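Participant: Take a look at protein_17.pdb, PDB, C-alpha atoms:
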ATOM      1  CA  MET A 296     -46.176 -21.644   6.893
ATOM      2  CA  THR A 297     -49.651 -20.540   5.991
ATOM      3  CA  GLY A 298     -51.485 -18.429   8.531
ATOM      4  CA  ILE A 299     -48.619 -17.439  10.808
ATOM      5  CA  GLY A 300     -48.577 -13.734   9.931
ATOM      6  CA  TYR A 301     -52.249 -12.958  10.551
ATOM      7  CA  THR A 302     -54.004 -16.061  11.812
ATOM      8  CA  VAL A 303     -51.840 -16.790  14.848
ATOM      9  CA  PRO A 304     -51.970 -13.215  16.221
ATOM     10  CA  ALA A 305     -55.742 -13.172  15.651
ATOM     11  CA  VAL A 306     -56.223 -16.386  17.617
ATOM     12  CA  VAL A 307     -53.821 -15.195  20.333
ATOM     13  CA  ALA A 308     -55.765 -11.922  20.629
ATOM     14  CA  VAL A 309     -58.994 -13.852  21.247
ATOM     15  CA  ILE A 310     -57.334 -16.072  23.864
ATOM     16  CA  VAL A 311     -55.757 -13.082  25.635
ATOM     17  CA  VAL A 312     -59.098 -11.270  25.853
ATOM     18  CA  ILE A 313     -60.883 -14.352  27.191
ATOM     19  CA  VAL A 314     -58.159 -14.940  29.801
ATOM     20  CA  LEU A 315     -58.208 -11.239  30.700
ATOM     21  CA  GLU A 316     -61.908 -11.472  31.486
ATOM     22  CA  LEU A 317     -62.036 -14.879  33.151
ATOM     23  CA  ALA A 318     -58.833 -14.659  35.199
ATOM     24  CA  ILE A 319     -58.234 -10.973  35.867
ATOM     25  CA  LEU A 320     -61.089  -8.528  35.264
ATOM     26  CA  ARG A 321     -64.068 -10.785  36.038
ATOM     27  CA  THR A 322     -66.664  -8.228  34.976
ATOM     28  CA  GLY A 323     -69.289 -10.812  34.039
ATOM     29  CA  LEU A 324     -69.632  -9.205  30.613
ATOM     30  CA  PHE A 325     -69.895 -12.532  28.774
ATOM     31  CA  ARG A 326     -73.005 -13.421  30.807
ATOM     32  CA  ARG A 327     -74.920 -10.304  29.753
ATOM     33  CA  ALA A 328     -77.431 -10.324  26.923
ATOM     34  CA  ALA A 329     -76.572  -6.668  26.203
ATOM     35  CA  TYR A 330     -73.006  -7.687  25.357
ATOM     36  CA  TRP A 331     -74.101 -10.337  22.871
ATOM     37  CA  ILE A 332     -76.660  -7.966  21.340
ATOM     38  CA  SER A 333     -73.920  -5.350  20.923
ATOM     39  CA  MET A 334     -71.702  -7.945  19.230
ATOM     40  CA  ALA A 335     -74.548  -8.770  16.824
ATOM     41  CA  ILE A 336     -74.846  -5.058  16.018
ATOM     42  CA  VAL A 337     -71.082  -4.870  15.407
ATOM     43  CA  LEU A 338     -71.334  -7.849  13.033
ATOM     44  CA  GLY A 339     -74.285  -6.217  11.298
ATOM     45  CA  PHE A 340     -72.010  -3.345  10.319
ATOM     46  CA  GLN A 341     -68.744  -5.273   9.994
ATOM     47  CA  ILE A 342     -69.986  -7.766   7.424
ATOM     48  CA  PRO A 343     -71.104  -5.321   4.712
ATOM     49  CA  VAL A 344     -68.194  -2.911   5.250
ATOM     50  CA  ASP A 345     -65.489  -5.565   5.559
ATOM     51  CA  GLY A 346     -67.060  -7.513   2.716
ATOM     52  CA  TRP A 347     -66.864  -4.449   0.472
ATOM     53  CA  LEU A 348     -63.254  -3.740   1.494
ATOM     54  CA  THR A 349     -62.017  -7.303   0.976
ATOM     55  CA  LYS A 350     -64.140  -8.609  -1.920
ATOM     56  CA  LEU A 351     -61.910 -10.634  -4.189
ATOM     57  CA  SER A 352     -63.484  -9.201  -7.350
ATOM     58  CA  ALA A 353     -62.255  -5.646  -6.581
ATOM     59  CA  PRO A 354     -60.419  -5.534  -3.247
ATOM     60  CA  ILE A 355     -59.526  -2.301  -1.512
ATOM     61  CA  VAL A 356     -57.662  -4.162   1.231
ATOM     62  CA  ILE A 357     -55.452  -6.941  -0.076
ATOM     63  CA  TYR A 358     -54.160  -9.735   2.154
ATOM     64  CA  ASP A 359     -51.124 -11.847   1.424
ATOM     65  CA  GLU A 360     -52.785 -15.255   1.400
ATOM     66  CA  GLN A 361     -49.585 -16.832   2.740
ATOM     67  CA  HIS A 362     -50.284 -15.041   6.024
ATOM     68  CA  THR A 363     -53.933 -16.034   6.448
ATOM     69  CA  SER A 364     -55.771 -19.291   6.943
ATOM     70  CA  GLY A 365     -57.316 -18.895   3.502
ATOM     71  CA  LEU A 366     -60.822 -19.171   4.975
ATOM     72  CA  ARG A 367     -63.084 -16.378   3.759
ATOM     73  CA  PHE A 368     -66.710 -16.125   4.786
ATOM     74  CA  PRO A 369     -69.076 -14.385   4.142
ATOM     75  CA  LEU A 370     -68.476 -12.005   1.225
ATOM     76  CA  ASP A 371     -64.794 -12.959   0.876
ATOM     77  CA  ILE A 372     -63.995 -11.689   4.402
ATOM     78  CA  PRO A 373     -60.934 -13.379   5.929
ATOM     79  CA  VAL A 374     -62.129 -15.089   9.116
ATOM     80  CA  GLU A 375     -59.184 -13.520  10.948
ATOM     81  CA  ASP A 376     -60.891 -10.129  10.593
ATOM     82  CA  PHE A 377     -63.725 -11.393  12.793
ATOM     83  CA  LEU A 378     -61.286 -12.685  15.405
ATOM     84  CA  PHE A 379     -59.370  -9.402  15.592
ATOM     85  CA  GLY A 380     -62.608  -7.411  15.539
ATOM     86  CA  TRP A 381     -64.100  -9.435  18.364
ATOM     87  CA  ALA A 382     -60.940  -9.158  20.450
ATOM     88  CA  MET A 383     -60.638  -5.411  19.920
ATOM     89  CA  VAL A 384     -64.278  -4.540  20.645
ATOM     90  CA  THR A 385     -64.496  -6.938  23.586
ATOM     91  CA  ALA A 386     -61.248  -5.684  25.142
ATOM     92  CA  VAL A 387     -62.529  -2.100  25.017
ATOM     93  CA  LEU A 388     -65.875  -3.102  26.533
ATOM     94  CA  LEU A 389     -64.140  -5.098  29.278
ATOM     95  CA  LEU A 390     -61.882  -2.203  30.215
ATOM     96  CA  TRP A 391     -64.796   0.212  30.089
ATOM     97  CA  GLU A 392     -66.862  -2.063  32.335
ATOM     98  CA  ARG A 393     -63.963  -2.530  34.740
ATOM     99  CA  GLN A 394     -63.595   1.256  35.045
ATOM    100  CA  ARG A 395     -67.344   1.634  35.611
ATOM    101  CA  LEU A 396     -67.231  -0.947  38.397
ATOM    102  CA  ARG A 397     -64.256   0.813  40.032
ATOM    103  CA  GLU A 398     -66.066   4.146  39.975
ATOM    104  CA  GLN A 399     -69.177   2.521  41.452
ATOM    105  CA  THR A 400     -67.084   1.046  44.251
ATOM    106  CA  LYS A 401     -65.505   4.438  45.010
ATOM    107  CA  GLU A 402     -68.950   6.067  45.213
ATOM    108  CA  THR A 403     -70.182   3.551  47.784
ATOM    109  CA  LEU A 404     -67.184   4.048  50.088
TER     110      LEU A 404
END
Take the structure in the file and give it back as structure tokens.

Facilitator:
Amino acid sequence: MTGIGYTVPAVVAVIVVIVLELAILRTGLFRRAAYWISMAIVLGFQIPVDGWLTKLSAPIVIYDEQHTSGLRFPLDIPVEDFLFGWAMVTAVLLLWERQRLREQTKETL
């Protein structure tokens, strides 16, 4: 089956991070403009670097196309890279924010 090896875990990672925020951590990160600006900055660096690493004309990182969705955009970047990247960066920011909120709560007690 196409996409099982990389696509499914990428989609699951996104779902897990969203559920983590909405059901458990509840930091409010997704409602902050600073978060979305930071994600735009991440994309601003991810696109040229990932595009260079995965360009089909001379790839440095080679994906087995049987394990991806086959969708590549922009610059031949597998869309799964964006899903994993978003999940990884967002998970770190959520945990960082959760820790900051805990420390703030301790200081006020």

Participant: If you count only C-alpha atoms, which residues fall within 12 Å of Arg367 of chain A, apart from same-chain ones fewer than 6 positions away, as a ChimeraX atom specification?

Facilitator: /A:342,345-346,349-351,358,360,373-377

Participant: Keeping only C-alpha atoms, write the selected residues to a file as a PDB file, in the coordinates of the input.

Facilitator:
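Resulting contents of out01.pdb:
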ATOM      1  CA  ILE A 342     -69.986  -7.766   7.424  1.00  0.00           C
ATOM      2  CA  ASP A 345     -65.489  -5.565   5.559  1.00  0.00           C
ATOM      3  CA  GLY A 346     -67.060  -7.513   2.716  1.00  0.00           C
ATOM      4  CA  THR A 349     -62.017  -7.303   0.976  1.00  0.00           C
ATOM      5  CA  LYS A 350     -64.140  -8.609  -1.920  1.00  0.00           C
ATOM      6  CA  LEU A 351     -61.910 -10.634  -4.189  1.00  0.00           C
ATOM      7  CA  TYR A 358     -54.160  -9.735   2.154  1.00  0.00           C
ATOM      8  CA  GLU A 360     -52.785 -15.255   1.400  1.00  0.00           C
ATOM      9  CA  PRO A 373     -60.934 -13.379   5.929  1.00  0.00           C
ATOM     10  CA  VAL A 374     -62.129 -15.089   9.116  1.00  0.00           C
ATOM     11  CA  GLU A 375     -59.184 -13.520  10.948  1.00  0.00           C
ATOM     12  CA  ASP A 376     -60.891 -10.129  10.593  1.00  0.00           C
ATOM     13  CA  PHE A 377     -63.725 -11.393  12.793  1.00  0.00           C
TER      14      PHE A 377
END

Participant: Applied to the shown file, which residues does the PyMOL selection byres ((chain A and resi 379) around 9) return, written as a ChimeraX atom specification?

Facilitator: /A:304-306,308-309,375-378,380-384

Participant: On this structure, the PyMOL selection byres ((chain A and resi 328-330) around 12) would catch which residues? List them as a PyMOL selection string, sorted by chain and number.

Facilitator: chain A and resi 322-327+331-337+381+384-389+392

Participant: Using only C-alpha atoms, which residue out of A:Leu396, A:Leu390, A:Leu366, A:Ala318 lies closest to Tyr301 of chain A?

Facilitator: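 The closest residue to Tyr301 of chain A is A:Leu366.
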
Participant: Quick check, in Å to one decimal: how far apart do atom CA of Ile299 of chain A and atom CA of Ile313 of chain A lie?

Facilitator: 20.7 Å

Participant: In Å to one decimal, how far is atom CA of Ile357 of chain A from atom CA of Val307 of chain A?

Facilitator: 22.1 Å

Participant: In Å, with one decimal, what is the gap from atom CA of Pro343 of chain A to atom CA of Asp359 of chain A?

Facilitator: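 Here the two named atoms are 21.3 Å from each other.
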
Participant: Report the residues retrieved by the PyMOL selection byres ((chain A and resi 363) around 6) from the displayed file, expressed as a PDB file with C-alpha atoms, in the coordinates of the input.

Facilitator:
ATOM      1  CA  GLY A 298     -51.485 -18.429   8.531  1.00  0.00           C
ATOM      2  CA  TYR A 301     -52.249 -12.958  10.551  1.00  0.00           C
ATOM      3  CA  THR A 302     -54.004 -16.061  11.812  1.00  0.00           C
ATOM      4  CA  GLU A 360     -52.785 -15.255   1.400  1.00  0.00           C
ATOM      5  CA  GLN A 361     -49.585 -16.832   2.740  1.00  0.00           C
ATOM      6  CA  HIS A 362     -50.284 -15.041   6.024  1.00  0.00           C
ATOM      7  CA  SER A 364     -55.771 -19.291   6.943  1.00  0.00           C
ATOM      8  CA  GLY A 365     -57.316 -18.895   3.502  1.00  0.00           C
TER       9      GLY A 365
END

Participant: Could segment 345-356 of chain A be completed with all heavy atoms and written as a short mmCIF file (atom, residue, chain, number, x, y, z; two decimals), in the frame of the given file, please?

Facilitator:
data_model
loop_
_atom_site.label_atom_id
_atom_site.label_comp_id
_atom_site.auth_asym_id
_atom_site.auth_seq_id
_atom_site.Cartn_x
_atom_site.Cartn_y
_atom_site.Cartn_z
N ASP A 345 -66.67 -4.72 5.77
CA ASP A 345 -65.49 -5.56 5.56
C ASP A 345 -65.63 -6.35 4.26
O ASP A 345 -64.66 -6.53 3.53
CB ASP A 345 -65.31 -6.50 6.75
CG ASP A 345 -63.88 -6.95 6.95
OD1 ASP A 345 -63.04 -6.73 6.07
OD2 ASP A 345 -63.60 -7.56 8.00
N GLY A 346 -66.83 -6.80 3.97
CA GLY A 346 -67.06 -7.51 2.72
C GLY A 346 -66.76 -6.64 1.51
O GLY A 346 -66.17 -7.10 0.52
N TRP A 347 -67.14 -5.38 1.56
CA TRP A 347 -66.86 -4.45 0.47
C TRP A 347 -65.36 -4.18 0.36
O TRP A 347 -64.82 -4.12 -0.74
CB TRP A 347 -67.64 -3.15 0.72
CG TRP A 347 -67.32 -2.05 -0.24
CD1 TRP A 347 -67.63 -2.01 -1.58
CD2 TRP A 347 -66.63 -0.84 0.06
NE1 TRP A 347 -67.16 -0.84 -2.11
CE2 TRP A 347 -66.55 -0.09 -1.13
CE3 TRP A 347 -66.08 -0.31 1.23
CZ2 TRP A 347 -65.94 1.15 -1.19
CZ3 TRP A 347 -65.48 0.93 1.17
CH2 TRP A 347 -65.41 1.64 -0.03
N LEU A 348 -64.68 -4.04 1.50
CA LEU A 348 -63.25 -3.74 1.49
C LEU A 348 -62.40 -4.91 1.01
O LEU A 348 -61.33 -4.71 0.44
CB LEU A 348 -62.79 -3.34 2.89
CG LEU A 348 -63.28 -1.98 3.40
CD1 LEU A 348 -62.94 -1.82 4.88
CD2 LEU A 348 -62.68 -0.85 2.59
N THR A 349 -62.86 -6.13 1.26
CA THR A 349 -62.02 -7.30 0.98
C THR A 349 -62.53 -8.18 -0.16
O THR A 349 -61.94 -9.23 -0.42
CB THR A 349 -61.87 -8.18 2.24
OG1 THR A 349 -63.17 -8.65 2.64
CG2 THR A 349 -61.22 -7.42 3.38
N LYS A 350 -63.59 -7.76 -0.85
CA LYS A 350 -64.14 -8.61 -1.92
C LYS A 350 -63.06 -8.93 -2.95
O LYS A 350 -62.31 -8.06 -3.38
CB LYS A 350 -65.35 -7.96 -2.57
CG LYS A 350 -65.07 -6.66 -3.29
CD LYS A 350 -66.35 -6.05 -3.81
CE LYS A 350 -66.02 -4.64 -4.31
NZ LYS A 350 -67.21 -3.92 -4.64
N LEU A 351 -62.96 -10.17 -3.29
CA LEU A 351 -61.91 -10.63 -4.19
C LEU A 351 -62.06 -10.08 -5.60
O LEU A 351 -61.07 -9.96 -6.32
CB LEU A 351 -61.86 -12.16 -4.21
CG LEU A 351 -61.43 -12.81 -2.89
CD1 LEU A 351 -61.56 -14.32 -2.97
CD2 LEU A 351 -60.01 -12.40 -2.52
N SER A 352 -63.26 -9.71 -5.99
CA SER A 352 -63.48 -9.20 -7.35
C SER A 352 -62.89 -7.79 -7.54
O SER A 352 -62.53 -7.43 -8.66
CB SER A 352 -64.97 -9.20 -7.69
OG SER A 352 -65.68 -8.35 -6.79
N ALA A 353 -62.82 -7.01 -6.49
CA ALA A 353 -62.26 -5.65 -6.58
C ALA A 353 -61.82 -5.20 -5.18
O ALA A 353 -62.42 -4.31 -4.59
CB ALA A 353 -63.29 -4.68 -7.16
N PRO A 354 -60.79 -5.82 -4.64
CA PRO A 354 -60.42 -5.53 -3.25
C PRO A 354 -59.82 -4.14 -3.06
O PRO A 354 -59.09 -3.64 -3.91
CB PRO A 354 -59.37 -6.60 -2.94
CG PRO A 354 -58.77 -6.94 -4.27
CD PRO A 354 -59.89 -6.77 -5.26
N ILE A 355 -60.15 -3.55 -1.94
CA ILE A 355 -59.53 -2.30 -1.51
C ILE A 355 -58.40 -2.66 -0.55
O ILE A 355 -57.32 -2.09 -0.59
CB ILE A 355 -60.56 -1.37 -0.86
CG1 ILE A 355 -61.58 -0.94 -1.92
CG2 ILE A 355 -59.88 -0.17 -0.20
CD1 ILE A 355 -62.79 -0.24 -1.39
N VAL A 356 -58.67 -3.63 0.31
CA VAL A 356 -57.66 -4.16 1.23
C VAL A 356 -57.25 -5.53 0.69
O VAL A 356 -58.10 -6.39 0.45
CB VAL A 356 -58.22 -4.31 2.66
CG1 VAL A 356 -57.19 -4.93 3.59
CG2 VAL A 356 -58.68 -2.96 3.19
#
